[in-house]
Amino acid sequence: MKKILITGGAGFIGSHLAKELLEKGYEVTVMDNLFTGNKSNIYGLLDNPRFSFILHDITKPFWGQFDEIYNLACPASPVHYQKNPVETIKTSIMGIINVLELGLKTKAKILHASTSEIYGDPLQHPQKESYWGNVNPIGIRSCYDEGKRASETLCMDYLREYDVDVRIVRIFNTYGPNMHPNDGRVVSNFIMQALKNQDITIYGTGNQTRSFQYIEDLINILIKFMEKEKEELYNQLKILGREKLPIINTGNPREVTITELATKILQLIPESRSKIIFKDLPKDDPKRRKPDITLAKNLFGWEPKIELEEGLKNTIEYFKKTII
Ligand code: NAD
Ligand code: UDP
């Protein structure tokens, strides 16, 4: 039976991934320091004899024999990662070194969760994997952006120097049940505000854009990417002009403005008495973001299936239960 480690598995994405991998019949270990994650996300899994939880900070070395490691540990929302920027960048850099060392010693396959933030405030649109980005190295988002960029560098150096089987997935804004209600991300903020009849806080003009991917679509591509046999993956990458670059974008290419998102959420919660208000735009907030997912389509025949309206409805139902 395949043994899988998920670092950061008590968080939003990791908890969905753990559930799905258990359903596929694998043995799943979650390692998390519960910095932003919550055990309530994995309560439903604790009774499964194929599931185990280890309370551990990945900046400290660890040991275990696994076939696959999904490295998701890292605070992901701007509010969370800016609360403790030094821990954030340490998690990205020291954490991935510990994961890669384990992969090197045990021959475990690694899938590393990177982010669209490595493109910064992009000057190319939509963003392709070949784009190098436009990132402020010393701003308030840098602990996350530069941490993730450095972790990509480490992955590629362990791949080239030691032949570690590591794959990098650049995740664009993802939402769904199990998001932290107070993580400050736009989807959770707007839904919670609408449900509590509080003002909907648009930062800046609301004309900035994001592309929102539903969690189910993300989990689907994460597992496909991890499970692809190495030789086949490398052959296909070569044909597609990305030789020895196992890096893909994942996201939903439907681009919406933040004002459109607020309007849509208010439409889906018609009983809400919330009003839209405008607040200052945080520093270095990217203006536009939209993934080019051609590579993931060509490699896996994958594309997102869940429309924004459907995903938001599911997420609203989840947040309603957290309030009661
Ligand atoms: P999350 O905050 O819900 O989950 C992150 C988990 O990592 C939490 O359970 C947290 O406690 C744990 N963690 C943090 N630091 C740790 C450490 N030092 N040691 C052990 N565990 C630690 O965030 P998420 O949205 O589930 O994000 C998961 C991963 O996906 C992150 O690496 C994030 O950068 C990446 N990502 C997420 C999105 C998104 O839209 N959700 C977008 C791009 C990238
Ligand atoms: N945003 C907003 N109101 C909020 C929270 C976020 O207008 O209450 C904006 C934020 O300024 C950004 C976009 O929504 O332009 C997405 O923010 P989020 O923190 O979700 O993700 P990221 O900026 O990392 O893409």
# chains A, B, ... in the order shown; residues from 1 in each chain; ligands from 1
call {"tool": "residues_near_ligand", "arguments": {"ligand": "ligand 1", "cutoff": "8 Å", "atoms": "only C-alpha atoms and all ligand atoms", "output": "MDAnalysis selection string"}}
result
chainID A and resid 7:15 31:38 55:59 71:77 80 87:88 90:92 95 112:117 144 148 170:175 178:180 213
call {"tool": "closest_atom_pairs", "arguments": {"of": "range 246-288 of chain A", "to": "range 296-317 of chain A", "cutoff": "10 Å", "atoms": "only C-alpha atoms", "output": "CSV"}}
result
residue,atom,partner,partner_atom,distance
A:Ile247,CA,A:Ala296,CA,9.3
A:Ile248,CA,A:Ala296,CA,6.1
A:Asn249,CA,A:Ala296,CA,6.9
A:Thr250,CA,A:Ala296,CA,7.2
A:Gly251,CA,A:Pro304,CA,7.4
A:Asn252,CA,A:Pro304,CA,6.0
A:Pro253,CA,A:Pro304,CA,8.5
A:Arg254,CA,A:Leu308,CA,8.5
A:Val256,CA,A:Leu308,CA,9.8
A:Leu261,CA,A:Leu308,CA,9.3
A:Lys264,CA,A:Glu309,CA,7.8
A:Ile265,CA,A:Leu312,CA,7.4
A:Gln267,CA,A:Glu309,CA,10.0
A:Leu268,CA,A:Lys313,CA,7.0
A:Ile269,CA,A:Ile316,CA,8.2
call {"tool": "residues_around", "arguments": {"residues": "Glu231 in chain A", "least_positions_apart": "5", "cutoff": "12 Å", "atoms": "only C-alpha atoms", "output": "number ranges by chain"}}
result
A: 165, 236-238, 243-244, 246
call {"tool": "select_by_dssp", "arguments": {"residues": "range 139-174 of chain A", "states": "alpha helix (DSSP H)", "output": "PyMOL selection string"}}
result
chain A and resi 142-162
call {"tool": "write_last_selection", "arguments": {"atoms": "N, CA, C and O atoms", "output": "compact mmCIF listing (two decimals), in the first residue's frame"}}
result
# COMPACT_ATOMS: atom_id res chain seq x y z
N SER A 142 7.00 39.82 0.51
CA SER A 142 8.21 39.12 0.07
C SER A 142 8.51 37.86 0.88
O SER A 142 9.08 36.90 0.35
N CYS A 143 8.12 37.87 2.18
CA CYS A 143 8.40 36.67 3.00
C CYS A 143 7.76 35.46 2.33
O CYS A 143 8.31 34.36 2.38
N TYR A 144 6.64 35.67 1.71
CA TYR A 144 5.93 34.56 1.05
C TYR A 144 6.45 34.37 -0.38
O TYR A 144 6.88 33.28 -0.76
N ASP A 145 6.42 35.47 -1.15
CA ASP A 145 6.79 35.37 -2.57
C ASP A 145 8.23 34.89 -2.75
O ASP A 145 8.51 33.96 -3.50
N GLU A 146 9.14 35.55 -2.03
CA GLU A 146 10.56 35.19 -2.19
C GLU A 146 10.86 33.85 -1.53
O GLU A 146 11.72 33.10 -1.99
N GLY A 147 10.13 33.54 -0.45
CA GLY A 147 10.29 32.22 0.17
C GLY A 147 9.92 31.13 -0.81
O GLY A 147 10.64 30.14 -0.98
N LYS A 148 8.80 31.33 -1.50
CA LYS A 148 8.36 30.31 -2.46
C LYS A 148 9.30 30.27 -3.67
O LYS A 148 9.54 29.20 -4.24
N ARG A 149 9.81 31.43 -4.07
CA ARG A 149 10.76 31.43 -5.20
C ARG A 149 12.03 30.67 -4.81
O ARG A 149 12.53 29.84 -5.57
N ALA A 150 12.52 30.93 -3.59
CA ALA A 150 13.73 30.22 -3.14
C ALA A 150 13.46 28.72 -3.02
O ALA A 150 14.33 27.89 -3.33
N SER A 151 12.25 28.37 -2.60
CA SER A 151 11.96 26.93 -2.46
C SER A 151 11.92 26.28 -3.84
O SER A 151 12.34 25.13 -4.00
N GLU A 152 11.46 27.01 -4.84
CA GLU A 152 11.51 26.46 -6.21
C GLU A 152 12.97 26.25 -6.64
O GLU A 152 13.32 25.26 -7.27
N THR A 153 13.81 27.24 -6.30
CA THR A 153 15.24 27.12 -6.65
C THR A 153 15.83 25.85 -6.02
O THR A 153 16.54 25.07 -6.67
N LEU A 154 15.51 25.66 -4.73
CA LEU A 154 16.04 24.48 -4.03
C LEU A 154 15.53 23.19 -4.69
O LEU A 154 16.30 22.24 -4.87
N CYS A 155 14.26 23.17 -5.05
CA CYS A 155 13.72 21.97 -5.72
C CYS A 155 14.50 21.68 -7.00
O CYS A 155 14.92 20.55 -7.25
N MET A 156 14.73 22.71 -7.79
CA MET A 156 15.40 22.51 -9.07
C MET A 156 16.87 22.12 -8.86
O MET A 156 17.42 21.34 -9.64
N ASP A 157 17.50 22.66 -7.81
CA ASP A 157 18.90 22.29 -7.56
C ASP A 157 19.02 20.85 -7.07
O ASP A 157 19.93 20.12 -7.47
N TYR A 158 18.10 20.42 -6.21
CA TYR A 158 18.12 19.01 -5.77
C TYR A 158 17.80 18.09 -6.95
O TYR A 158 18.32 16.98 -7.03
N LEU A 159 16.96 18.56 -7.85
CA LEU A 159 16.63 17.74 -9.03
C LEU A 159 17.87 17.59 -9.92
O LEU A 159 18.27 16.50 -10.29
N ARG A 160 18.51 18.75 -10.22
CA ARG A 160 19.65 18.70 -11.16
C ARG A 160 20.88 18.05 -10.52
O ARG A 160 21.58 17.28 -11.15
N GLU A 161 21.13 18.37 -9.23
CA GLU A 161 22.37 17.89 -8.61
C GLU A 161 22.24 16.45 -8.09
O GLU A 161 23.19 15.67 -8.18
N TYR A 162 21.06 16.11 -7.55
CA TYR A 162 20.94 14.79 -6.90
C TYR A 162 19.85 13.90 -7.53
O TYR A 162 19.55 12.84 -7.00
call {"tool": "residues_around", "arguments": {"residues": "Arg210 in chain A", "least_positions_apart": "2", "cutoff": "9 Å", "atoms": "only C-alpha atoms", "output": "compact mmCIF listing (two decimals) with N, CA and C atoms, in the first residue's frame"}}
result
# COMPACT_ATOMS: atom_id res chain seq x y z
N PHE A 172 -2.84 28.87 -8.29
CA PHE A 172 -3.50 30.18 -8.32
C PHE A 172 -4.65 30.14 -7.31
N ASN A 173 -5.14 31.33 -6.93
CA ASN A 173 -6.14 31.45 -5.86
C ASN A 173 -7.17 30.32 -5.86
N GLN A 208 -8.99 45.33 -9.65
CA GLN A 208 -7.94 44.30 -9.74
C GLN A 208 -8.61 42.94 -9.95
N PHE A 212 -10.28 32.35 -9.74
CA PHE A 212 -10.56 31.51 -8.57
C PHE A 212 -10.83 30.07 -8.95
N ARG A 254 -10.81 31.63 -15.66
CA ARG A 254 -11.85 32.69 -15.66
C ARG A 254 -11.40 33.82 -14.71
N GLU A 255 -11.18 34.99 -15.32
CA GLU A 255 -10.64 36.11 -14.55
C GLU A 255 -11.80 37.02 -14.13
N VAL A 256 -11.87 37.35 -12.85
CA VAL A 256 -12.95 38.26 -12.42
C VAL A 256 -12.37 39.42 -11.61
N THR A 257 -13.04 40.56 -11.67
CA THR A 257 -12.59 41.67 -10.82
C THR A 257 -13.10 41.40 -9.41
N ILE A 258 -12.49 42.06 -8.46
CA ILE A 258 -12.89 41.86 -7.06
C ILE A 258 -14.30 42.43 -6.84
N PRO A 286 -1.07 42.59 -6.27
CA PRO A 286 -1.02 42.43 -7.74
C PRO A 286 -2.29 42.91 -8.43
N LYS A 287 -2.12 43.53 -9.60
CA LYS A 287 -3.27 44.12 -10.31
C LYS A 287 -4.08 43.09 -11.09
N ARG A 288 -3.38 42.14 -11.70
CA ARG A 288 -4.08 41.15 -12.51
C ARG A 288 -3.46 39.78 -12.29
N ARG A 289 -4.30 38.77 -12.39
CA ARG A 289 -3.72 37.42 -12.26
C ARG A 289 -4.63 36.42 -12.97
N LYS A 290 -4.02 35.69 -13.87
CA LYS A 290 -4.77 34.68 -14.61
C LYS A 290 -3.79 33.62 -15.12
call {"tool": "residues_near_ligand", "arguments": {"ligand": "ligand 2", "cutoff": "7 Å", "atoms": "only C-alpha atoms and all ligand atoms", "output": "list in words"}}
result
Ser77, Pro78, Asn173, Gly184, Arg185, Val186, Val187, Asn189, Phe190, Ile200, Thr201, Ile202, Tyr203, Gly204, Gly206, Gln208, Thr209, Arg210, Ile258, Leu281, Pro282, Asp285, Pro286 and Lys287 of chain A
call {"tool": "closest_residue", "arguments": {"among": "A:Leu104, A:Leu245, A:Val28, A:Ile140", "to": "Asn48 in chain A", "atoms": "only C-alpha atoms"}}
result
A:Val28
call {"tool": "residues_around", "arguments": {"residues": "Phe319 in chain A", "least_positions_apart": "5", "cutoff": "8 Å", "atoms": "only C-alpha atoms", "output": "list in words"}}
result
Pro177, Pro181, Ile191 and Met192 of chain A
call {"tool": "residues_around", "arguments": {"residues": "Leu5 in chain A", "least_positions_apart": "6", "cutoff": "9 Å", "atoms": "only C-alpha atoms", "output": "JSON, numbers by chain"}}
result
{"A": [27, 28, 29, 30, 31, 64, 66, 67, 68, 69, 70, 71]}
call {"tool": "write_last_selection", "arguments": {"atoms": "C-alpha atoms", "output": "PDB file, in the first residue's frame"}}
result
ATOM      1  CA  GLU A  27      -1.870   5.213   3.938  1.00  0.00           C
ATOM      2  CA  VAL A  28      -1.744   8.908   4.780  1.00  0.00           C
ATOM      3  CA  THR A  29       0.320  10.750   7.374  1.00  0.00           C
ATOM      4  CA  VAL A  30      -0.307  14.426   8.017  1.00  0.00           C
ATOM      5  CA  MET A  31       2.494  16.493   9.520  1.00  0.00           C
ATOM      6  CA  GLY A  64      10.015   8.596   7.829  1.00  0.00           C
ATOM      7  CA  PHE A  66       7.179   7.381   2.413  1.00  0.00           C
ATOM      8  CA  ASP A  67       6.569   6.747  -1.282  1.00  0.00           C
ATOM      9  CA  GLU A  68       5.256  10.252  -1.883  1.00  0.00           C
ATOM     10  CA  ILE A  69       5.493  13.587  -0.072  1.00  0.00           C
ATOM     11  CA  TYR A  70       3.152  16.477  -0.793  1.00  0.00           C
ATOM     12  CA  ASN A  71       4.790  19.583   0.668  1.00  0.00           C
TER      13      ASN A  71
END
call {"tool": "residues_around", "arguments": {"residues": "Leu222 in chain A", "least_positions_apart": "3", "cutoff": "9 Å", "atoms": "only C-alpha atoms", "output": "NGL selection string"}}
result
:A and (17 or 70 or 111 or 169 or 217-219 or 225-227 or 250)
call {"tool": "select_by_dssp", "arguments": {"residues": "range 234-314 of chain A", "states": "strand (DSSP E)", "output": "VMD selection string"}}
result
chain A and resid 247 to 250 255 to 257 276 to 279
call {"tool": "closest_residue", "arguments": {"among": "A:Leu45, A:Thr322, A:Leu123, A:Thr259", "to": "His16 in chain A", "atoms": "only C-alpha atoms"}}
result
A:Leu45
